[in-house]
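Shown here: query18.txt, compact mmCIF, C-alpha atoms and all ligand atoms.
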# COMPACT_ATOMS: atom_id res chain seq x y z
CA MET A 1346 6.78 -1.67 -49.01
CA ASP A 1347 7.68 1.63 -47.40
CA THR A 1348 6.06 4.86 -48.50
CA LYS A 1349 7.35 6.34 -51.72
CA ARG A 1350 6.96 9.80 -53.20
CA PHE A 1351 3.48 10.98 -54.18
CA GLU A 1352 4.12 10.65 -57.94
CA THR A 1353 5.14 7.00 -57.43
CA GLU A 1354 2.36 6.05 -55.00
CA VAL A 1355 -0.38 7.28 -57.37
CA ILE A 1356 0.82 4.60 -59.80
CA HIS A 1357 1.79 1.72 -57.52
CA LYS A 1358 0.08 1.90 -54.12
CA GLY A 1359 -2.36 -0.94 -53.54
CA TYR A 1360 -1.07 -3.08 -56.40
CA HIS A 1361 -0.52 -6.61 -55.17
CA ALA A 1362 0.83 -8.57 -58.14
CA LEU A 1363 0.18 -12.01 -56.67
CA GLN A 1364 -3.54 -11.34 -56.43
CA HIS A 1365 -3.58 -10.14 -60.04
CA HIS A 1366 -1.87 -13.11 -61.73
CA GLY A 1367 0.75 -10.60 -62.84
CA SER A 1368 -1.74 -8.55 -64.80
CA LEU A 1369 -0.26 -5.02 -65.05
CA SER A 1370 -3.68 -3.43 -65.19
CA PRO A 1371 -5.67 -4.42 -62.09
CA PRO A 1372 -8.54 -6.86 -62.62
CA ILE A 1373 -12.09 -5.57 -62.39
CA PHE A 1374 -13.74 -7.90 -59.88
CA GLN A 1375 -17.18 -7.50 -61.42
CA THR A 1376 -18.99 -9.60 -58.86
CA SER A 1377 -21.77 -9.01 -56.37
CA THR A 1378 -20.84 -11.80 -53.98
CA PHE A 1379 -17.98 -14.11 -52.95
CA VAL A 1380 -18.10 -17.87 -52.50
CA PHE A 1381 -17.18 -19.40 -49.12
CA ASP A 1382 -15.36 -22.76 -49.12
CA THR A 1383 -17.46 -23.98 -46.21
CA ALA A 1384 -20.32 -22.88 -44.00
CA GLU A 1385 -17.80 -22.31 -41.22
CA THR A 1386 -15.71 -19.99 -43.41
CA GLY A 1387 -18.80 -17.89 -44.10
CA ALA A 1388 -19.64 -17.79 -40.42
CA SER A 1389 -16.16 -16.70 -39.38
CA ARG A 1390 -16.05 -13.97 -42.04
CA PHE A 1391 -19.35 -12.61 -40.79
CA ALA A 1392 -18.03 -12.79 -37.24
CA GLY A 1393 -15.00 -10.79 -38.30
CA GLU A 1394 -12.67 -13.60 -37.20
CA GLN A 1395 -11.34 -14.29 -40.66
CA GLU A 1396 -10.34 -11.83 -43.36
CA GLY A 1397 -11.92 -12.17 -46.76
CA TYR A 1398 -14.59 -10.78 -48.98
CA ILE A 1399 -18.30 -11.40 -48.38
CA TYR A 1400 -20.43 -9.18 -50.62
CA SER A 1401 -19.48 -6.20 -52.81
CA ARG A 1402 -21.49 -3.60 -50.88
CA LEU A 1403 -19.25 -4.41 -47.91
CA SER A 1404 -15.98 -4.63 -49.83
CA ASN A 1405 -14.60 -5.54 -53.26
CA PRO A 1406 -10.94 -6.11 -54.26
CA THR A 1407 -10.89 -3.52 -57.08
CA VAL A 1408 -12.57 -0.93 -54.88
CA ALA A 1409 -10.27 -1.84 -51.96
CA MET A 1410 -7.24 -1.15 -54.15
CA LEU A 1411 -8.54 2.35 -54.85
CA GLU A 1412 -9.24 2.87 -51.14
CA GLU A 1413 -5.66 1.90 -50.28
CA ARG A 1414 -4.32 4.26 -52.91
CA ILE A 1415 -6.34 7.33 -51.88
CA ALA A 1416 -5.46 6.75 -48.20
CA SER A 1417 -1.78 6.88 -49.10
CA MET A 1418 -2.26 9.98 -51.29
CA GLU A 1419 -3.97 11.87 -48.46
CA SER A 1420 -1.50 10.63 -45.81
CA GLY A 1421 -4.31 8.91 -43.94
CA GLU A 1422 -4.83 5.44 -42.51
CA LYS A 1423 -7.96 4.26 -44.29
CA GLY A 1424 -9.92 5.24 -47.39
CA LEU A 1425 -13.54 4.57 -48.32
CA ALA A 1426 -15.08 4.71 -51.79
CA PHE A 1427 -18.63 5.88 -52.51
CA GLY A 1428 -20.97 6.04 -55.48
CA SER A 1429 -20.71 9.84 -55.65
CA GLY A 1430 -19.12 12.77 -53.85
CA MET A 1431 -22.49 13.41 -52.19
CA ALA A 1432 -22.73 9.79 -51.01
CA ALA A 1433 -19.39 10.40 -49.27
CA VAL A 1434 -20.49 13.75 -47.79
CA SER A 1435 -23.79 12.33 -46.50
CA ALA A 1436 -22.24 9.15 -45.06
CA ILE A 1437 -19.62 11.19 -43.18
CA LEU A 1438 -21.98 13.91 -41.89
CA LEU A 1439 -24.72 11.49 -40.86
CA GLY A 1440 -22.09 9.24 -39.28
CA LEU A 1441 -20.64 12.03 -37.14
CA THR A 1442 -23.90 13.56 -35.91
CA LYS A 1443 -27.15 12.75 -34.10
CA THR A 1444 -30.31 14.73 -33.36
CA GLY A 1445 -29.51 17.90 -31.42
CA ASP A 1446 -25.96 18.24 -32.72
CA HIS A 1447 -24.55 21.31 -34.48
CA ILE A 1448 -22.25 21.57 -37.51
CA LEU A 1449 -20.06 24.64 -38.01
CA CYS A 1450 -19.48 25.19 -41.73
CA SER A 1451 -17.33 27.38 -43.88
CA GLU A 1452 -19.29 30.11 -45.66
CA GLY A 1453 -20.29 28.75 -49.01
CA VAL A 1454 -20.27 25.01 -49.52
CA TYR A 1455 -21.07 22.89 -52.55
CA GLY A 1456 -24.76 23.36 -53.53
CA CYS A 1457 -25.91 19.81 -52.71
CA THR A 1458 -24.00 19.87 -49.40
CA PHE A 1459 -26.00 23.03 -48.65
CA GLY A 1460 -29.17 21.06 -49.51
CA LEU A 1461 -28.13 18.12 -47.31
CA LEU A 1462 -27.47 20.43 -44.33
CA GLN A 1463 -30.94 21.90 -44.74
CA LEU A 1464 -32.49 18.44 -44.90
CA MET A 1465 -30.61 17.33 -41.78
CA GLU A 1466 -31.84 20.41 -39.94
CA GLU A 1467 -35.47 20.09 -41.04
CA LYS A 1468 -35.83 16.33 -40.58
CA TYR A 1469 -33.39 15.46 -37.81
CA HIS A 1470 -32.82 18.76 -35.93
CA ILE A 1471 -29.10 18.68 -36.66
CA THR A 1472 -28.41 22.40 -36.93
CA HIS A 1473 -25.65 24.26 -38.76
CA ASP A 1474 -24.13 27.73 -39.03
CA PHE A 1475 -22.04 29.21 -41.79
CA HIS A 1476 -18.91 31.03 -40.75
CA SER A 1477 -16.25 33.01 -42.62
CA MET A 1478 -13.55 31.08 -40.66
CA SER A 1479 -11.25 34.08 -40.96
CA ASP A 1480 -10.90 35.01 -37.28
CA GLU A 1481 -9.83 32.71 -34.42
CA ASP A 1482 -11.90 34.35 -31.68
CA SER A 1483 -14.98 34.44 -33.82
CA ILE A 1484 -14.62 30.72 -34.64
CA ARG A 1485 -14.29 29.95 -30.91
CA GLY A 1486 -17.37 32.07 -30.24
CA SER A 1487 -19.40 30.10 -32.77
CA ILE A 1488 -18.57 26.67 -31.35
CA THR A 1489 -21.39 25.53 -29.05
CA ASP A 1490 -21.67 22.66 -26.56
CA HIS A 1491 -23.49 20.78 -29.31
CA THR A 1492 -20.95 21.28 -32.10
CA THR A 1493 -19.72 17.85 -33.16
CA VAL A 1494 -18.32 18.62 -36.63
CA ILE A 1495 -16.48 21.49 -38.30
CA TYR A 1496 -16.95 21.21 -42.05
CA ILE A 1497 -14.88 23.25 -44.51
CA GLU A 1498 -14.13 23.67 -48.19
CA SER A 1499 -11.06 25.52 -49.42
CA PRO A 1500 -10.94 27.06 -51.99
CA ILE A 1501 -14.66 27.84 -51.76
CA ASN A 1502 -16.71 27.54 -54.93
CA PRO A 1503 -16.96 29.82 -56.93
CA THR A 1504 -15.36 32.81 -55.19
CA MET A 1505 -12.11 30.93 -54.52
CA LYS A 1506 -11.94 32.25 -50.95
CA LEU A 1507 -9.59 30.16 -48.81
CA VAL A 1508 -9.89 28.89 -45.25
CA ASP A 1509 -6.71 28.61 -43.16
CA ILE A 1510 -6.97 24.85 -42.68
CA GLU A 1511 -4.17 24.52 -40.13
CA MET A 1512 -5.71 27.29 -37.99
CA VAL A 1513 -9.17 25.69 -37.98
CA ALA A 1514 -7.68 22.27 -37.16
CA ARG A 1515 -5.72 23.75 -34.25
CA ILE A 1516 -8.80 25.41 -32.72
CA ALA A 1517 -10.96 22.30 -33.25
CA LYS A 1518 -8.37 20.16 -31.45
CA GLU A 1519 -8.75 22.33 -28.32
CA TYR A 1520 -12.43 21.39 -28.26
CA GLY A 1521 -11.99 17.79 -29.44
CA ILE A 1522 -14.19 18.40 -32.50
CA PRO A 1523 -13.36 16.57 -35.75
CA VAL A 1524 -12.66 18.71 -38.82
CA VAL A 1525 -13.93 17.43 -42.17
CA VAL A 1526 -12.52 18.99 -45.36
CA ASP A 1527 -13.97 18.73 -48.84
CA ASN A 1528 -10.70 18.76 -50.79
CA THR A 1529 -12.23 18.34 -54.26
CA PHE A 1530 -10.98 21.63 -55.73
CA SER A 1531 -7.32 21.03 -54.86
CA SER A 1532 -6.90 17.25 -55.07
CA PRO A 1533 -4.35 15.63 -52.75
CA TYR A 1534 -1.60 16.65 -55.15
CA LEU A 1535 -2.02 20.33 -54.22
CA GLN A 1536 -3.32 20.16 -50.64
CA ARG A 1537 -3.37 17.50 -47.91
CA PRO A 1538 -5.64 18.54 -45.01
CA LEU A 1539 -4.80 15.51 -42.81
CA GLU A 1540 -1.17 16.66 -42.76
CA LEU A 1541 -2.47 20.03 -41.51
CA GLY A 1542 -4.26 18.39 -38.55
CA CYS A 1543 -7.74 17.67 -39.92
CA ASP A 1544 -9.59 14.41 -39.32
CA VAL A 1545 -11.46 13.49 -42.49
CA VAL A 1546 -10.92 14.42 -46.13
CA ILE A 1547 -13.67 14.06 -48.72
CA HIS A 1548 -13.42 14.13 -52.51
CA SER A 1549 -15.85 14.25 -55.32
CA ALA A 1550 -13.63 11.84 -57.29
CA THR A 1551 -15.77 12.85 -60.27
CA LYS A 1552 -13.51 15.89 -60.72
CA TYR A 1553 -9.68 16.02 -60.76
CA LEU A 1554 -9.10 12.49 -59.41
CA CYS A 1555 -10.97 10.99 -62.36
CA GLY A 1556 -9.89 13.75 -64.72
CA HIS A 1557 -11.71 12.47 -67.77
CA GLY A 1558 -15.36 13.28 -67.12
CA ASP A 1559 -16.54 9.67 -67.24
CA VAL A 1560 -17.18 8.70 -63.60
CA ILE A 1561 -19.37 9.90 -60.72
CA GLY A 1562 -17.62 8.84 -57.52
CA GLY A 1563 -16.67 9.87 -54.01
CA LEU A 1564 -13.77 9.10 -51.67
CA ALA A 1565 -13.09 9.76 -48.00
CA VAL A 1566 -9.97 9.24 -45.87
CA GLY A 1567 -9.41 9.32 -42.11
CA SER A 1568 -8.23 7.23 -39.17
CA ASN A 1569 -8.62 3.45 -39.14
CA GLU A 1570 -10.95 3.67 -36.18
CA LEU A 1571 -13.33 6.27 -37.60
CA MET A 1572 -13.36 4.97 -41.17
CA SER A 1573 -13.93 1.37 -40.05
CA HIS A 1574 -16.85 2.56 -37.94
CA LEU A 1575 -18.34 4.50 -40.89
CA ALA A 1576 -17.75 1.53 -43.21
CA MET A 1577 -19.85 -0.68 -40.94
CA THR A 1578 -22.62 1.90 -40.44
CA THR A 1579 -23.47 4.78 -42.80
CA GLN A 1580 -21.51 3.36 -45.75
CA LYS A 1581 -22.78 -0.23 -45.52
CA ASP A 1582 -26.31 0.52 -44.35
CA ILE A 1583 -27.13 3.58 -46.44
CA GLY A 1584 -25.31 1.76 -49.21
CA GLY A 1585 -23.95 4.45 -51.53
CA VAL A 1586 -20.97 2.38 -52.62
CA MET A 1587 -18.77 2.55 -55.73
CA SER A 1588 -18.91 -0.03 -58.51
CA PRO A 1589 -15.77 -2.06 -59.35
CA PHE A 1590 -15.68 -0.62 -62.88
CA ASP A 1591 -15.78 2.98 -61.64
CA ALA A 1592 -13.00 2.12 -59.16
CA TRP A 1593 -10.95 0.78 -62.06
CA LEU A 1594 -11.49 3.94 -64.12
CA LEU A 1595 -10.47 6.04 -61.11
CA LEU A 1596 -7.31 3.96 -60.51
CA ARG A 1597 -6.45 4.60 -64.14
CA GLY A 1598 -7.17 8.34 -63.96
CA ILE A 1599 -5.28 8.82 -60.71
CA LYS A 1600 -2.02 7.53 -62.22
CA THR A 1601 -1.71 10.76 -64.21
CA LEU A 1602 -3.02 13.15 -61.53
CA PRO A 1603 0.32 14.88 -60.81
CA VAL A 1604 1.09 15.35 -64.51
CA ARG A 1605 -2.41 16.62 -65.26
CA MET A 1606 -2.50 18.96 -62.25
CA ASP A 1607 0.82 20.52 -63.24
CA ARG A 1608 -0.62 21.27 -66.66
CA HIS A 1609 -3.98 22.53 -65.27
CA CYS A 1610 -2.09 24.87 -62.92
CA GLU A 1611 0.35 26.09 -65.55
CA ASN A 1612 -2.46 26.82 -68.03
CA ALA A 1613 -4.57 28.53 -65.37
CA LYS A 1614 -1.70 30.76 -64.26
CA LYS A 1615 -1.00 31.87 -67.83
CA LEU A 1616 -4.68 32.46 -68.65
CA SER A 1617 -5.33 34.33 -65.40
CA GLU A 1618 -2.67 36.86 -66.37
CA LEU A 1619 -4.19 37.33 -69.83
CA LEU A 1620 -7.77 37.58 -68.53
CA LYS A 1621 -6.74 40.14 -65.93
CA GLU A 1622 -5.36 42.45 -68.62
CA HIS A 1623 -8.37 42.25 -70.93
CA PRO A 1624 -10.52 45.43 -70.96
CA ALA A 1625 -13.80 43.45 -70.93
CA VAL A 1626 -12.83 41.70 -67.65
CA GLU A 1627 -13.62 43.53 -64.43
CA THR A 1628 -11.94 41.29 -61.83
CA ILE A 1629 -10.45 37.84 -61.57
CA LEU A 1630 -10.65 35.54 -58.55
CA PHE A 1631 -7.66 33.21 -58.65
CA PRO A 1632 -5.49 32.18 -55.66
CA GLY A 1633 -2.40 32.29 -57.89
CA ASP A 1634 -2.86 35.99 -58.66
CA PRO A 1635 -0.32 37.96 -56.56
CA GLU A 1636 -3.08 40.54 -55.90
CA PHE A 1637 -5.51 37.88 -54.61
CA PRO A 1638 -6.25 38.83 -50.96
CA GLN A 1639 -5.22 35.39 -49.68
CA TYR A 1640 -2.26 34.87 -52.01
CA GLU A 1641 0.05 34.19 -49.05
CA LEU A 1642 -2.30 31.66 -47.50
CA ALA A 1643 -2.53 29.91 -50.88
CA ASN A 1644 1.25 29.64 -50.96
CA LYS A 1645 1.30 28.36 -47.39
CA GLN A 1646 -1.21 25.52 -47.70
CA MET A 1647 -1.32 24.66 -51.42
CA LYS A 1648 1.46 23.35 -53.61
CA ASN A 1649 0.03 25.39 -56.51
CA ALA A 1650 -3.02 27.58 -57.11
CA GLY A 1651 -5.13 25.02 -59.00
CA GLY A 1652 -6.93 25.01 -62.31
CA LEU A 1653 -10.06 27.03 -61.53
CA ILE A 1654 -10.46 30.71 -62.34
CA SER A 1655 -13.54 32.77 -61.58
CA PHE A 1656 -13.87 36.20 -63.20
CA GLN A 1657 -16.39 38.98 -63.64
CA ILE A 1658 -16.99 40.44 -67.04
CA LYS A 1659 -18.12 44.00 -67.60
CA GLY A 1660 -21.84 44.02 -68.28
CA ASP A 1661 -24.98 42.25 -67.10
CA LYS A 1662 -26.42 38.76 -67.13
CA ALA A 1663 -27.25 38.97 -70.83
CA ALA A 1664 -23.63 39.93 -71.59
CA ALA A 1665 -22.36 36.97 -69.54
CA GLN A 1666 -24.67 34.59 -71.37
CA SER A 1667 -23.89 35.92 -74.83
CA PHE A 1668 -20.15 35.70 -73.99
CA MET A 1669 -20.64 32.01 -73.12
CA ASN A 1670 -22.60 31.43 -76.31
CA SER A 1671 -19.77 32.95 -78.38
CA LEU A 1672 -17.27 30.37 -77.12
CA GLN A 1673 -16.36 27.70 -79.65
CA LEU A 1674 -13.73 25.44 -78.07
CA ILE A 1675 -14.70 25.89 -74.42
CA LYS A 1676 -17.71 23.82 -73.39
CA ILE A 1677 -20.61 25.19 -71.35
CA ALA A 1678 -20.93 22.63 -68.54
CA VAL A 1679 -20.81 22.33 -64.76
CA SER A 1680 -18.26 19.97 -63.17
CA LEU A 1681 -14.53 20.58 -63.27
CA GLY A 1682 -11.14 18.95 -63.47
CA ASP A 1683 -11.58 17.43 -66.92
CA ALA A 1684 -9.24 17.51 -69.92
CA GLU A 1685 -11.70 19.89 -71.63
CA THR A 1686 -11.94 23.52 -70.52
CA LEU A 1687 -15.42 24.07 -69.07
CA ILE A 1688 -17.29 27.26 -68.25
CA GLN A 1689 -20.38 27.79 -66.10
CA HIS A 1690 -22.47 30.70 -64.83
CA PRO A 1691 -22.85 30.19 -61.03
CA ALA A 1692 -25.80 32.60 -60.56
CA THR A 1693 -28.03 30.61 -62.94
CA MET A 1694 -26.40 27.18 -62.65
CA THR A 1695 -24.50 25.81 -59.61
CA HIS A 1696 -25.79 28.49 -57.23
CA ALA A 1697 -29.26 29.07 -58.68
CA VAL A 1698 -30.78 27.40 -55.59
CA VAL A 1699 -29.11 29.90 -53.24
CA PRO A 1700 -31.47 32.86 -52.55
CA GLU A 1701 -30.38 36.00 -54.42
CA GLU A 1702 -29.68 37.91 -51.19
CA SER A 1703 -27.25 35.24 -49.86
CA ARG A 1704 -25.75 34.90 -53.30
CA LYS A 1705 -24.92 38.62 -53.41
CA GLN A 1706 -23.45 38.34 -49.91
CA MET A 1707 -21.22 35.49 -51.06
CA GLY A 1708 -20.01 37.67 -53.95
CA ILE A 1709 -21.83 35.77 -56.67
CA ASN A 1710 -23.36 38.26 -59.08
CA ASP A 1711 -24.66 37.87 -62.63
CA GLN A 1712 -21.30 38.91 -64.13
CA LEU A 1713 -19.41 36.08 -62.46
CA LEU A 1714 -18.23 33.13 -64.53
CA ARG A 1715 -16.23 30.08 -63.47
CA LEU A 1716 -13.71 28.42 -65.74
CA SER A 1717 -12.28 24.96 -65.18
CA ILE A 1718 -9.10 25.19 -67.20
CA GLY A 1719 -8.42 22.04 -69.20
CA LEU A 1720 -5.33 20.43 -70.66
CA GLU A 1721 -5.52 21.98 -74.14
CA ALA A 1722 -2.76 24.28 -75.44
CA TRP A 1723 -3.23 27.53 -73.49
CA GLU A 1724 -2.88 29.50 -76.72
CA ASP A 1725 -6.01 27.83 -78.11
CA ILE A 1726 -7.98 28.37 -74.90
CA TRP A 1727 -6.93 32.02 -74.94
CA SER A 1728 -7.87 32.52 -78.61
CA ASP A 1729 -11.35 31.28 -77.81
CA LEU A 1730 -11.71 33.45 -74.68
CA GLU A 1731 -10.30 36.49 -76.46
CA GLN A 1732 -12.56 36.32 -79.51
CA ALA A 1733 -15.62 35.98 -77.24
CA LEU A 1734 -14.46 38.77 -74.89
CA ASN A 1735 -13.93 41.07 -77.87
CA LYS A 1736 -17.61 40.66 -78.77
CA ILE A 1737 -18.86 41.95 -75.39
C1 LIG B 1 -18.95 18.02 -57.40
C2 LIG B 1 -18.70 18.32 -55.99
C3 LIG B 1 -19.32 17.60 -54.95
C4 LIG B 1 -20.33 16.50 -55.23
O1 LIG B 1 -19.76 15.43 -55.88
P1 LIG B 1 -20.59 14.41 -56.83
O2 LIG B 1 -19.54 13.45 -57.28
O3 LIG B 1 -21.19 15.23 -57.94
O4 LIG B 1 -21.64 13.80 -55.99
C5 LIG B 1 -18.99 17.91 -53.65
N1 LIG B 1 -18.12 18.90 -53.36
C6 LIG B 1 -17.54 19.64 -54.31
C7 LIG B 1 -16.60 20.73 -53.92
C8 LIG B 1 -17.79 19.38 -55.65
O5 LIG B 1 -17.21 20.12 -56.60

Go through the file and emit its structure as structure tokens.
Ligand SMILES: *Cc1c(COP(=O)(O)O)cnc(C)c1O
Amino acid sequence: MDTKRFETEVIHKGYHALQHHGSLSPPIFQTSTFVFDTAETGASRFAGEQEGYIYSRLSNPTVAMLEERIASMESGEKGLAFGSGMAAVSAILLGLTKTGDHILCSEGVYGCTFGLLQLMEEKYHITHDFHSMSDEDSIRGSITDHTTVIYIESPINPTMKLVDIEMVARIAKEYGIPVVVDNTFSSPYLQRPLELGCDVVIHSATKYLCGHGDVIGGLAVGSNELMSHLAMTTQKDIGGVMSPFDAWLLLRGIKTLPVRMDRHCENAKKLSELLKEHPAVETILFPGDPEFPQYELANKQMKNAGGLISFQIKGDKAAAQSFMNSLQLIKIAVSLGDAETLIQHPATMTHAVVPEESRKQMGINDQLLRLSIGLEAWEDIWSDLEQALNKI
């Protein structure tokens, strides 16, 4: 079947009716192992001479269906599924580096990715540098003979700063260095880094791809050659694979991704305008705000601005916390991309591990809050925000 539009592929890609006995919903192949007809069949599967399943840590039909679907959604050749976003990040980074190598990173990465980079440096002497990625010459100047990966997030959590993905990919190509993008915040519906010249895309599927707050999972997409190599090394041997049931839940969630994202984006746009006008709000950080410094870049590389809004309230840490405690509908929780609107306080939650000095440099102060706008009626989300803001 030739490639269809995104909204169609998220529903159909990877569905092979004959293997499913016509079942509309894909079967959950809840099995650890697969039976070989003969000893010779087993031998030839292990030798890679015959296609077929062997053992679910290596491959499983329900998980494979999800891998086929995400590859299509990200315009890549091959997808891999992992037990968490961090299992994906660690398998990719460990797979692309060895002792003595250097990773060039965008400034501000997900907290546990930050922790992993530190661990890799301390234990395996794989060094890293953080870079604003805003200036071509400066990026070139920061690439060393040992740089084997450029790793970026865009938008960056929680300041929503963007990296010009196409620019970074173009520079990296000159040096033959692969670019890995954590695309969790945008989902492939809003942004497709492989189409912009990058090499690997990673998702915490826990977030928008799942959309319902009931799975921890990770996905990665890249070329056949690279992904097959990683599948046979850091995925198989470190072993952070996804369970068939989680793959099934993700296949189900992904079907509605475009519809949900449209609603997340629409709600976020509306609420960003209202927040911006409220006297208790100092600033908002939202790529869809026409006054956002990188508004044009957002329009260039993203289909829409996304469902996350960060904002600073007037006051101190105590004011931020009492504002959160006044909320009634909105839930205080980390994570994002769920049907429920969630709020978190980066300085004491997701970025508490970052030293205060670096935190301030990144623009994360005690007044900063991050909202993951849900699918509720925007009027109800606003009523809740407004009554709590009025109490500040
Ligand atoms: C949540 C998240 C991760 C980690 O994913 P898990 O599924 O929690 O392991 C990585 N990157 C970003 C941007 C995230 O938001």

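The residue set within 7 Å of stretch 1716-1729 of chain A, counting only C-alpha atoms and dropping same-chain residues fewer than 4 places from it, reads A:Arg1608, A:His1609, A:Asn1612, A:Ala1613, A:Leu1616, A:Gly1652, A:Leu1653, A:Ile1654, A:Ser1655, A:Leu1672, A:Gln1673, A:Leu1674, A:Leu1681, A:Gly1682, A:Asp1683, A:Ala1684, A:Glu1685, A:Thr1686, A:Leu1687, A:Ile1688, A:Gln1689, A:Ala1733.
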
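The space separating atom CA of A:Asp1591 from atom CA of A:Gly1562 comes to 7.4 Å.
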
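Shortest atom-to-atom contact with A:Pro1632 among A:Pro1500, A:Gly1387, A:Pro1406, A:Pro1700: A:Pro1500, counting all atoms listed in the file.
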
In Å and to one decimal, atom CA of A:Ala1697 is distant from atom CA of A:Leu1449 by 23.1 Å

Expected answer as an NGL selection string: residues within 8 Å of ligand LIG 1 (chain B), only C-alpha atoms and all ligand atoms = :A and (1428-1434 or 1454-1458 or 1498 or 1501-1502 or 1527-1530 or 1548-1552 or 1561-1563 or 1680-1681)

Selected residue of minimal separation from A:Arg1597 among A:Pro1638, A:Gly1397, A:Gly1556, A:Gly1424, counting only C-alpha atoms = A:Gly1556

Generate the coordinates of all heavy atoms for stretch 1467-1472 of chain A; report them as a tab-separated table (two decimals), keeping the file's coordinate frame.
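In the end it all went to rebuild01.tsv:
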chain	number	residue	atom	x	y	z
A	1467	GLU	N	-34.01	20.19	-41.03
A	1467	GLU	CA	-35.47	20.09	-41.04
A	1467	GLU	C	-35.96	18.74	-40.52
A	1467	GLU	O	-36.92	18.67	-39.76
A	1467	GLU	CB	-36.00	20.31	-42.46
A	1467	GLU	CG	-36.02	21.77	-42.86
A	1467	GLU	CD	-36.07	21.96	-44.36
A	1467	GLU	OE1	-36.48	21.02	-45.08
A	1467	GLU	OE2	-35.68	23.06	-44.82
A	1468	LYS	N	-35.31	17.66	-40.93
A	1468	LYS	CA	-35.83	16.33	-40.58
A	1468	LYS	C	-35.29	15.79	-39.27
A	1468	LYS	O	-35.96	15.03	-38.60
A	1468	LYS	CB	-35.53	15.33	-41.70
A	1468	LYS	CG	-36.27	15.65	-42.98
A	1468	LYS	CD	-36.09	14.56	-44.00
A	1468	LYS	CE	-36.83	13.31	-43.59
A	1468	LYS	NZ	-37.44	12.62	-44.73
A	1469	TYR	N	-34.03	16.12	-38.95
A	1469	TYR	CA	-33.39	15.46	-37.81
A	1469	TYR	C	-32.91	16.44	-36.73
A	1469	TYR	O	-32.23	16.04	-35.79
A	1469	TYR	CB	-32.22	14.59	-38.29
A	1469	TYR	CG	-32.62	13.62	-39.38
A	1469	TYR	CD1	-32.09	13.71	-40.67
A	1469	TYR	CD2	-33.59	12.64	-39.14
A	1469	TYR	CE1	-32.49	12.84	-41.68
A	1469	TYR	CE2	-33.99	11.77	-40.13
A	1469	TYR	CZ	-33.44	11.87	-41.40
A	1469	TYR	OH	-33.85	11.03	-42.39
A	1470	HIS	N	-33.22	17.74	-36.91
A	1470	HIS	CA	-32.82	18.76	-35.93
A	1470	HIS	C	-31.31	18.75	-35.68
A	1470	HIS	O	-30.87	18.91	-34.55
A	1470	HIS	CB	-33.60	18.61	-34.62
A	1470	HIS	CG	-35.08	18.66	-34.84
A	1470	HIS	ND1	-35.74	19.79	-35.27
A	1470	HIS	CD2	-36.02	17.69	-34.76
A	1470	HIS	CE1	-37.03	19.51	-35.43
A	1470	HIS	NE2	-37.23	18.24	-35.14
A	1471	ILE	N	-30.55	18.52	-36.74
A	1471	ILE	CA	-29.10	18.68	-36.66
A	1471	ILE	C	-28.83	20.05	-37.28
A	1471	ILE	O	-29.02	20.22	-38.48
A	1471	ILE	CB	-28.38	17.56	-37.42
A	1471	ILE	CG1	-28.72	16.20	-36.79
A	1471	ILE	CG2	-26.87	17.80	-37.43
A	1471	ILE	CD1	-28.43	15.01	-37.71
A	1472	THR	N	-28.48	21.02	-36.44
A	1472	THR	CA	-28.41	22.40	-36.93
A	1472	THR	C	-27.02	22.71	-37.51
A	1472	THR	O	-26.06	21.95	-37.32
A	1472	THR	CB	-28.71	23.39	-35.79
A	1472	THR	OG1	-27.74	23.19	-34.76
A	1472	THR	CG2	-30.11	23.18	-35.24
